[in-house]
Amino acid sequence: MGTGRTHRPATRSRGIPEATVARLPLYLRALTALSERSVPTVSSEELAAAAGVNSAKLRKDFSYLGSYGTRGVGYDVEYLVYQISRELGLTQDWPVVIVGIGNLGAALANYGGFASRGFRVAALIDADPAMAGKPVAGIPVQHTDELESIIQDNGVSIGVIATPAGAAQQVCDRLVAAGVTSILNFAPTVLTVPDGVDVRKVDLSIELQILAFHEQRKAGEEATAEAPAAPAAARRSSASGRDSGTDQGPDGDVPAVMPA
């Protein structure tokens, strides 16, 4: 395996749209599940449904990879797993540092999905001196004073920030200065980075707020649907008011804004 420092994915140079890149992990997850069930081939419709996209979009996305499937047969599952993994750079070894080993950082360190997808947690870093040397997920936590040397020694190009918001920008600046060019930010703040550095933000509170909005809207729709209809007499009274011509607009409708 190569290292993350010396090998970069070719998606940008090949002109693959960012929207397609964002969907590739969805396809890979669905394909991996099929592979684990020893399914040899899959149609575009079946794979699109499993990934939560429409089949036309899926076929367009795969055309950027040079994969068109076989009519009447579909796509070879194992080959697509390899093809997408290669395009995403997951056939390489990507050393990652996690900075901020609180509850969230510790949970990320214990996440088993990193190793199976080509990401190796090279170091866990925290500013609390009391944390230094304590093992988390079998990895001893190191102090932030060692951040730069850790990045250089391990050839790290991907950093994960799980610190409080107030410390995130300073940590980001140090990561970038030490050579990190991709950052996954879990801190509830917007980071400022120079050109050439990619940042992906994961804000759980924002996602919950969006869900709350949808729940509120659904509750409002249900309340409207359950509201009793206006009595027939009231409807007749309203209709007679319109028929009388009183306060009507030029087309015979009651104006939206009544005069004072």
# chains A, B, ... in the order shown; residues from 1 in each chain; ligands from 1
>>> residues_around(residues="A:Pro25", least_positions_apart="6", cutoff="12 Å", atoms="only C-alpha atoms", output="number ranges by chain")
A: 19, 31-32, 51-52, 61, 80-81, 83-90, 117
>>> select_by_dssp(residues="stretch 93-166 of chain A", states="strand (DSSP E)", output="VMD selection string")
chain A and resid 94 to 99 119 to 126 135 to 136 139 to 143 158 to 161
>>> atom_distance(atom1="atom CA of A:Gly105", atom2="atom CA of A:His214")
29.1 Å
>>> select_by_dssp(residues="stretch 26-257 of chain A", states="helix (DSSP H, G or I)", output="PyMOL selection string")
chain A and resi 26-36+44-51+55-64+77-88+103-109+113-116+129-131+144-154+165-177+204-226+232-243
>>> residues_around(residues="stretch 34-45 of chain A", least_positions_apart="6", cutoff="6 Å", atoms="only C-alpha atoms", output="list in words")
Ser55, Gly74, Tyr75, Asp76 and Val77 of chain A
>>> closest_residue(among="A:Glu207, A:Glu46, A:Glu221, A:Glu148", to="A:Cys172", atoms="only C-alpha atoms")
A:Glu148
>>> closest_residue(among="A:Leu58, A:Leu124, A:Asn154, A:Ala49", to="A:Leu24", atoms="only C-alpha atoms")
A:Leu58
